[in-house]
>>> print(open('run-v3.cif').read())   # mmCIF, C-alpha atoms
data_data
loop_
_atom_site.label_atom_id
_atom_site.label_comp_id
_atom_site.auth_asym_id
_atom_site.auth_seq_id
_atom_site.Cartn_x
_atom_site.Cartn_y
_atom_site.Cartn_z
CA GLN M 23 -115.60 94.94 181.44
CA GLN M 24 -112.42 96.97 181.08
CA ALA M 25 -110.78 94.89 183.82
CA LEU M 26 -111.93 91.68 182.12
CA GLN M 27 -110.62 92.81 178.77
CA ARG M 28 -107.36 93.86 180.37
CA SER M 29 -106.97 90.42 182.07
CA LEU M 30 -107.82 88.58 178.84
CA PHE M 31 -105.24 90.58 176.93
CA ILE M 32 -102.54 89.84 179.53
CA PHE M 33 -103.46 86.13 179.45
CA LEU M 34 -103.19 85.96 175.69
CA LEU M 35 -99.81 87.66 175.77
CA SER M 36 -98.47 85.24 178.44
CA ILE M 37 -99.59 82.01 176.71
CA GLN M 38 -96.65 81.89 174.28
CA PRO M 39 -93.88 82.50 176.85
CA ILE M 40 -95.48 79.99 179.20
CA ALA M 41 -95.67 77.38 176.40
CA ILE M 42 -92.06 77.94 175.45
CA ALA M 43 -90.96 77.70 179.07
CA GLY M 44 -92.99 74.50 179.52
CA TRP M 45 -91.51 72.99 176.40
CA LEU M 46 -87.97 73.80 177.54
CA LEU M 47 -88.65 72.45 181.02
CA GLY M 48 -90.16 69.28 179.57
CA ASN M 49 -87.13 68.69 177.36
CA ALA M 50 -84.81 69.29 180.29
CA LEU M 51 -86.69 66.67 182.30
CA THR M 52 -87.18 64.03 179.57
CA ALA M 53 -83.80 64.27 177.72
CA PRO M 54 -81.91 62.14 180.31
CA LEU M 55 -84.69 59.57 180.27
CA SER M 56 -84.51 59.48 176.48
CA LYS M 57 -80.76 58.88 176.66
CA LEU M 58 -81.29 56.03 179.11
CA THR M 59 -83.97 54.52 176.89
CA GLU M 60 -81.71 54.74 173.83
CA GLY M 61 -78.81 53.17 175.78
CA ALA M 62 -81.01 50.31 176.96
CA GLU M 63 -82.12 49.61 173.39
CA LYS M 64 -78.51 49.51 172.13
CA LEU M 65 -77.45 47.33 175.05
CA SER M 66 -80.25 44.86 174.34
CA GLY M 67 -79.14 44.86 170.70
CA GLY M 68 -75.63 43.72 171.64
CA ASP M 69 -73.77 47.03 171.63
CA PHE M 70 -71.87 46.73 174.92
CA THR M 71 -69.60 49.69 174.13
CA HIS M 72 -72.37 52.32 174.31
CA ARG M 73 -72.32 54.61 177.36
CA VAL M 74 -74.89 57.14 178.64
CA HIS M 75 -73.49 60.57 179.57
CA ILE M 76 -75.69 62.70 181.88
CA ASN M 77 -74.24 65.79 183.53
CA THR M 78 -76.97 66.42 186.09
CA ARG M 79 -76.65 65.73 189.79
CA ASP M 80 -79.96 64.07 190.43
CA GLU M 81 -81.24 60.51 190.62
CA ILE M 82 -81.17 60.17 186.86
CA ALA M 83 -77.39 60.73 186.84
CA ILE M 84 -77.04 57.99 189.49
CA LEU M 85 -79.16 55.69 187.32
CA ALA M 86 -76.97 56.49 184.30
CA GLY M 87 -73.83 55.59 186.30
CA ALA M 88 -75.35 52.25 187.29
CA PHE M 89 -76.32 51.64 183.67
CA ASN M 90 -72.75 52.30 182.46
CA SER M 91 -71.29 50.03 185.17
CA THR M 92 -73.64 47.21 184.17
CA ALA M 93 -72.77 47.65 180.50
CA GLU M 94 -69.04 47.46 181.32
CA LYS M 95 -69.49 44.25 183.31
CA LEU M 96 -71.56 42.70 180.54
CA ARG M 97 -68.89 43.65 178.04
CA GLY M 98 -66.24 41.93 180.16
CA LEU M 99 -68.36 38.81 180.53
CA VAL M 100 -69.10 38.59 176.80
CA THR M 101 -65.45 39.18 175.89
CA GLY M 102 -64.36 36.49 178.33
CA LEU M 103 -66.90 34.04 176.96
CA GLU M 104 -65.81 34.74 173.40
CA GLN M 105 -62.18 34.13 174.32
CA ARG M 106 -63.05 30.88 176.08
CA VAL M 107 -65.09 29.71 173.10
CA GLU M 108 -62.21 30.57 170.78
CA GLU M 109 -59.72 28.74 173.00
CA ARG M 110 -61.97 25.70 173.24
CA THR M 111 -62.50 25.72 169.48
CA THR M 112 -58.76 25.93 168.87
CA ALA M 113 -58.08 23.13 171.35
CA LEU M 114 -60.82 20.98 169.82
CA THR M 115 -59.47 21.57 166.32
CA ARG M 116 -55.98 20.66 167.48
CA ARG M 117 -57.21 17.54 169.26
CA THR M 118 -59.16 16.47 166.19
CA SER M 119 -56.15 16.89 163.91
CA GLN M 120 -54.00 14.96 166.41
CA LEU M 121 -56.50 12.10 166.55
CA GLN M 122 -56.67 11.99 162.76
CA ALA M 123 -52.88 11.91 162.52
CA ALA M 124 -52.65 9.25 165.25
CA THR M 125 -55.25 7.12 163.47
CA GLN M 126 -53.37 7.38 160.19
CA VAL M 127 -50.07 6.43 161.84
CA ALA M 128 -51.65 3.48 163.65
CA ARG M 129 -53.44 2.28 160.50
CA GLN M 130 -50.28 2.31 158.41
CA ALA M 131 -48.21 0.76 161.19
CA ALA M 132 -50.69 -2.10 161.66
CA ALA M 133 -50.30 -3.07 157.99
CA ILE M 134 -46.51 -3.63 158.33
CA LYS M 135 -45.44 -7.11 159.46
CA ASP M 136 -41.66 -6.65 159.46
CA THR M 137 -40.56 -5.32 162.86
CA SER M 138 -37.63 -3.26 161.59
CA ALA M 139 -39.68 -1.67 158.80
CA LEU M 140 -42.52 -1.04 161.26
CA LEU M 141 -40.30 0.88 163.69
CA ASN M 142 -38.63 2.99 160.99
CA ASP M 143 -41.90 3.87 159.30
CA ALA M 144 -43.58 4.66 162.63
CA VAL M 145 -41.00 7.27 163.73
CA ARG M 146 -41.01 8.83 160.27
CA LEU M 147 -44.80 9.06 160.20
CA ILE M 148 -44.94 10.55 163.71
CA SER M 149 -42.44 13.27 162.78
CA ASP M 150 -44.25 14.06 159.52
CA GLN M 151 -47.79 14.04 160.88
CA PHE M 152 -47.18 15.92 164.14
CA GLY M 153 -44.27 18.13 163.09
CA PHE M 154 -41.75 16.89 165.69
CA TYR M 155 -38.12 17.19 164.74
CA HIS M 156 -37.23 13.92 166.50
CA ALA M 157 -39.09 10.72 167.25
CA GLY M 158 -37.50 7.54 168.55
CA ILE M 159 -38.60 4.08 169.65
CA PHE M 160 -36.76 2.21 172.40
CA LEU M 161 -37.27 -1.51 173.08
CA LEU M 162 -36.29 -3.24 176.30
CA ASP M 163 -33.57 -5.89 176.25
CA GLU M 164 -34.10 -9.49 177.35
CA ASN M 165 -33.40 -8.69 181.01
CA ASN M 166 -35.49 -5.50 181.02
CA GLU M 167 -32.45 -3.59 182.27
CA TYR M 168 -31.88 -1.23 179.34
CA ALA M 169 -34.07 0.56 176.84
CA VAL M 170 -32.21 0.26 173.53
CA LEU M 171 -32.87 2.73 170.70
CA GLN M 172 -34.17 0.83 167.67
CA ALA M 173 -35.42 3.57 165.30
CA ALA M 174 -35.12 7.36 165.02
CA SER M 175 -36.36 9.98 162.59
CA SER M 176 -33.72 12.71 163.05
CA ALA M 177 -30.11 12.92 161.92
CA GLY M 178 -29.00 13.08 165.55
CA GLY M 179 -31.06 10.00 166.27
CA GLN M 180 -29.31 8.14 163.46
CA ARG M 181 -25.96 8.90 165.07
CA MET M 182 -27.29 7.59 168.35
CA LEU M 183 -28.41 4.42 166.59
CA ALA M 184 -24.95 3.92 165.12
CA ARG M 185 -23.47 4.11 168.64
CA GLY M 186 -25.97 1.62 170.05
CA HIS M 187 -27.57 4.22 172.30
CA ARG M 188 -29.32 2.79 175.35
CA LEU M 189 -30.69 4.07 178.67
CA GLN M 190 -30.89 2.21 181.96
CA VAL M 191 -34.45 1.55 183.06
CA GLY M 192 -35.45 3.67 186.04
CA LYS M 193 -32.13 5.54 186.23
CA GLN M 194 -31.45 7.45 183.00
CA GLY M 195 -33.64 10.10 181.40
CA ILE M 196 -37.37 10.30 181.12
CA VAL M 197 -37.26 7.24 178.85
CA GLY M 198 -35.90 5.17 181.73
CA PHE M 199 -38.50 6.75 184.02
CA ALA M 200 -41.41 5.90 181.69
CA ALA M 201 -40.18 2.31 181.28
CA ALA M 202 -39.84 1.79 185.04
CA GLN M 203 -43.02 3.57 186.16
CA LYS M 204 -45.27 2.43 183.27
CA ARG M 205 -46.58 5.96 182.80
CA SER M 206 -45.87 8.88 180.52
CA ARG M 207 -43.60 11.76 181.44
CA ILE M 208 -43.16 15.31 180.05
CA ALA M 209 -39.92 17.27 180.40
CA LEU M 210 -39.46 20.97 179.61
CA ASP M 211 -36.27 22.99 179.30
CA THR M 212 -36.91 24.78 182.59
CA GLY M 213 -36.15 23.91 186.18
CA ALA M 214 -34.99 20.42 187.11
CA ASP M 215 -36.05 18.93 183.78
CA ALA M 216 -33.43 20.97 181.89
CA VAL M 217 -30.81 18.34 182.78
CA TYR M 218 -32.50 15.88 180.41
CA PHE M 219 -31.71 18.03 177.36
CA ASP M 220 -27.93 17.82 177.66
CA ASN M 221 -27.65 15.70 174.52
CA PRO M 222 -25.14 16.85 171.88
CA ASP M 223 -26.93 14.84 169.19
CA LEU M 224 -30.24 16.66 169.83
CA PRO M 225 -29.22 20.19 170.91
CA ASN M 226 -32.45 21.89 169.77
CA THR M 227 -34.78 20.00 172.09
CA ARG M 228 -36.98 22.25 174.22
CA SER M 229 -39.77 19.81 175.07
CA GLU M 230 -39.76 16.02 175.38
CA ALA M 231 -42.38 13.40 176.09
CA ALA M 232 -41.81 9.71 176.80
CA LEU M 233 -44.69 7.26 176.56
CA PRO M 234 -44.44 3.59 177.56
CA LEU M 235 -45.29 0.87 175.05
CA ILE M 236 -47.39 -1.57 177.06
CA VAL M 237 -48.82 -4.92 175.97
CA ARG M 238 -50.84 -6.97 178.46
CA GLU M 239 -49.53 -4.98 181.45
CA ARG M 240 -45.95 -5.56 180.26
CA VAL M 241 -43.67 -2.73 179.10
CA ILE M 242 -41.89 -3.64 175.87
CA GLY M 243 -40.44 -0.22 175.08
CA VAL M 244 -40.86 3.56 175.06
CA LEU M 245 -41.94 6.07 172.42
CA ASP M 246 -39.81 9.22 172.71
CA ILE M 247 -40.88 12.43 170.94
CA GLN M 248 -39.03 15.75 171.09
CA SER M 249 -39.88 19.26 169.91
CA GLU M 250 -37.94 22.45 169.29
CA LYS M 251 -40.77 24.49 170.86
CA PRO M 252 -41.00 25.15 174.61
CA GLN M 253 -44.23 24.07 176.28
CA ALA M 254 -45.02 21.92 173.23
CA PHE M 255 -46.98 19.28 175.16
CA ALA M 256 -50.11 19.61 177.27
CA SER M 257 -51.94 17.03 179.35
CA GLU M 258 -54.60 16.70 176.63
CA ASP M 259 -51.88 15.94 174.06
CA ILE M 260 -50.43 13.17 176.23
CA GLU M 261 -53.76 11.32 176.17
CA THR M 262 -53.67 11.30 172.37
CA PHE M 263 -50.02 10.25 172.20
CA GLN M 264 -50.53 7.51 174.79
CA THR M 265 -53.35 6.10 172.69
CA LEU M 266 -50.99 6.14 169.71
CA ALA M 267 -48.28 4.45 171.82
CA ASP M 268 -50.71 1.69 172.85
CA GLN M 269 -51.60 1.03 169.21
CA LEU M 270 -47.93 0.98 168.24
CA ALA M 271 -47.20 -1.48 171.04
CA LEU M 272 -49.88 -3.85 169.70
CA ALA M 273 -48.52 -3.47 166.15
CA ILE M 274 -44.97 -4.23 167.35
CA GLU M 275 -46.14 -7.26 169.31
CA ASN M 276 -48.16 -8.54 166.35
CA ALA M 277 -45.15 -8.10 164.07
CA ARG M 278 -43.02 -10.06 166.54
CA LEU M 279 -45.55 -12.87 166.73
CA PHE M 280 -45.83 -12.90 162.94
CA ASN M 281 -42.04 -13.20 162.57
CA GLU M 282 -41.89 -15.93 165.22
CA MET M 283 -44.66 -17.83 163.46
CA ASN M 284 -42.84 -17.57 160.12
CA PHE M 285 -39.65 -18.83 161.75
CA ALA M 286 -41.51 -21.74 163.34
CA VAL M 287 -43.12 -22.62 159.98
CA GLN M 288 -39.72 -22.57 158.30
CA GLN M 289 -38.28 -24.85 160.98
CA LEU M 290 -41.20 -27.25 160.55
CA GLN M 291 -40.73 -27.25 156.81
CA GLN M 292 -37.02 -27.99 157.15
CA THR M 293 -37.72 -30.76 159.67
CA ALA M 294 -40.42 -32.28 157.46
CA SER M 295 -38.14 -32.15 154.41
CA GLN M 296 -35.33 -33.83 156.31
CA ARG M 297 -37.64 -36.53 157.65
CA THR M 298 -38.97 -37.12 154.14
CA ARG M 299 -35.47 -37.54 152.73
CA GLU M 300 -34.58 -39.95 155.52
CA ALA M 301 -37.75 -41.98 154.94
CA TRP M 302 -37.13 -42.23 151.20
CA GLY M 303 -33.55 -43.26 151.91
CA GLU M 304 -34.73 -46.09 154.14
CA ILE M 305 -37.26 -47.22 151.52
CA SER M 306 -34.68 -47.16 148.75
CA GLN M 307 -32.36 -49.36 150.82
CA THR M 308 -35.03 -52.05 151.32
CA ARG M 309 -36.10 -52.19 147.67
CA SER M 310 -34.26 -53.81 144.77
CA HIS M 311 -33.85 -52.53 141.31
CA ALA M 312 -34.21 -55.93 139.58
CA TYR M 313 -37.07 -56.96 137.29
CA GLN M 314 -38.20 -60.30 135.84
CA TYR M 315 -40.40 -61.41 133.04
CA THR M 316 -43.59 -63.22 134.03
CA PRO M 317 -46.68 -64.31 132.13
CA LEU M 318 -48.36 -61.28 133.56
CA GLY M 319 -45.65 -58.98 132.24
CA ILE M 320 -42.52 -57.38 133.65
CA GLN M 321 -42.65 -57.24 137.43
CA PRO M 322 -40.18 -55.74 139.96
CA VAL M 323 -38.19 -58.34 141.89
CA THR M 324 -38.22 -58.13 145.69
CA ARG M 325 -35.98 -60.00 148.06
CA GLU M 326 -38.88 -62.21 149.07
CA THR M 327 -39.50 -63.43 145.49
CA LEU M 328 -35.84 -64.06 144.57
CA PRO M 329 -34.28 -67.50 145.05
CA SER M 330 -31.66 -67.72 147.76
CA THR M 331 -28.90 -68.06 145.18
CA GLU M 332 -30.00 -64.89 143.42
CA THR M 333 -30.33 -62.95 146.68
CA GLY M 334 -26.58 -63.09 147.20
CA LYS M 335 -26.02 -61.81 143.67
CA LEU M 336 -28.49 -58.98 144.27
CA ASN M 337 -26.61 -57.91 147.40
#
>>> encode(input="run-v3.cif", output="structure tokens")
Amino acid sequence: QQALQRSLFIFLLSIQPIAIAGWLLGNALTAPLSKLTEGAEKLSGGDFTHRVHINTRDEIAILAGAFNSTAEKLRGLVTGLEQRVEERTTALTRRTSQLQAATQVARQAAAIKDTSALLNDAVRLISDQFGFYHAGIFLLDENNEYAVLQAASSAGGQRMLARGHRLQVGKQGIVGFAAAQKRSRIALDTGADAVYFDNPDLPNTRSEAALPLIVRERVIGVLDIQSEKPQAFASEDIETFQTLADQLALAIENARLFNEMNFAVQQLQQTASQRTREAWGEISQTRSHAYQYTPLGIQPVTRETLPSTETGKLN
């Protein structure tokens, strides 16, 4: 009995230290797992910056390192996707605004029937809507040898107009290239293209694009746009500007046909008026201006009704 009592007393005294030691050991074992669980919850909630720090040297520390590596990769992927979405959104917004501006320019240009007014308004609208400091329209001459500047929006372009500026097709500048090759061309102020910007009238040009004006597979001119910004044109922009150039080409051709039709109508009117005057002259020569009294009233006298003696007097 004494031994049993002594053992029971020792057992009761050791329960508390054993419980405390067990609790401490349990915390030491479960704390890393709790950190991993918390990190997984934050990662699933979208917090890709959270990292798990475990200072042990066991398998749990290896698992924590793998968790942190995965979180870093996910963060990089999400950041890259966000940047791509932002870039695509910006590009889409820019493309939409360009299409809206191109539609407005084409709509206003189609309503103008005078060729000269059409060209001047078109270059002004292109500069205003797209923010280019120079826009010019070249039309080919009768022999398709030179592209002659017909309208320009900048002060330098006006000086070029006054000089009768023209470029030889296929041999001078990107305008001549676009007219000869029937395709658009972009030039930047770097590399071999820098030679195109040696123009004292347009010294601020850093980017230039030339787009052919084509009607029924025939080049009638070139739309030339220039910017003060380097790398101002991308391939996506050229598609928009080429669509605008095609619409301008149709508007220019329609204006030409309208003017030719008006000229033809005027010629027909003049011819008809002349023929009418000639016909009335012939009729007036064959009719007399004599009248005679008859029982039926006063009647005009014709050569057929006059006696032969009176005919000589009438003549």
>>> closest_residue(input="run-v3.cif", among="M:Ala93, M:Gln292, M:Ala286, M:Arg79", to="Glu63 of chain M", atoms="all atoms listed in the file")
M:Ala93
>>> closest_residue(input="run-v3.cif", among="M:Pro234, M:Gly98, M:Gly87, M:Pro252", to="Ile196 of chain M", atoms="all atoms listed in the file")
M:Pro234
>>> resolve_selection(input="run-v3.cif", expression="the PyMOL selection byres ((chain M and resi 249) around 9)", output="PyMOL selection string")
chain M and resi 153-157+226-231+247-248+250-252+254-255
>>> closest_residue(input="run-v3.cif", among="M:Met283, M:Leu140, M:Val170, M:Val237", to="Leu183 of chain M", atoms="all atoms listed in the file")
M:Val170
>>> resolve_selection(input="run-v3.cif", expression="the PyMOL selection byres ((chain M and resi 187) around 9)", output="list in words")
Ala169, Val170, Leu171, Gln172, Arg181, Met182, Leu183, Ala184, Arg185, Gly186, Arg188 and Leu189 of chain M
>>> residues_near_point(input="run-v3.cif", point="(-35.6, 10.1, 162.6)", cutoff="8 Å", atoms="all atoms listed in the file", output="count of residues only")
16
>>> residues_around(input="run-v3.cif", residues="Ile274 of chain M", least_positions_apart="3", cutoff="8 Å", atoms="all atoms listed in the file", output="ChimeraX atom specification")
/M:137,140-141,270-271,277-278
>>> residues_near_point(input="run-v3.cif", point="(-44.9, -6.8, 183.4)", cutoff="12 Å", atoms="only C-alpha atoms", output="list in words")
Leu162, Asn165, Asn166, Ala201, Ala202, Gln203, Lys204, Pro234, Leu235, Ile236, Val237, Arg238, Glu239, Arg240, Val241, Ile242 and Gly243 of chain M
>>> axis_aligned_box(input="run-v3.cif", around="segment 197-214 of chain M", padding_each_side="6 Å", output="AutoDock Vina command-line options")
--center_x -40.8 --center_y 13.3 --center_z 183.0 --size_x 23.6 --size_y 35.0 --size_z 20.3
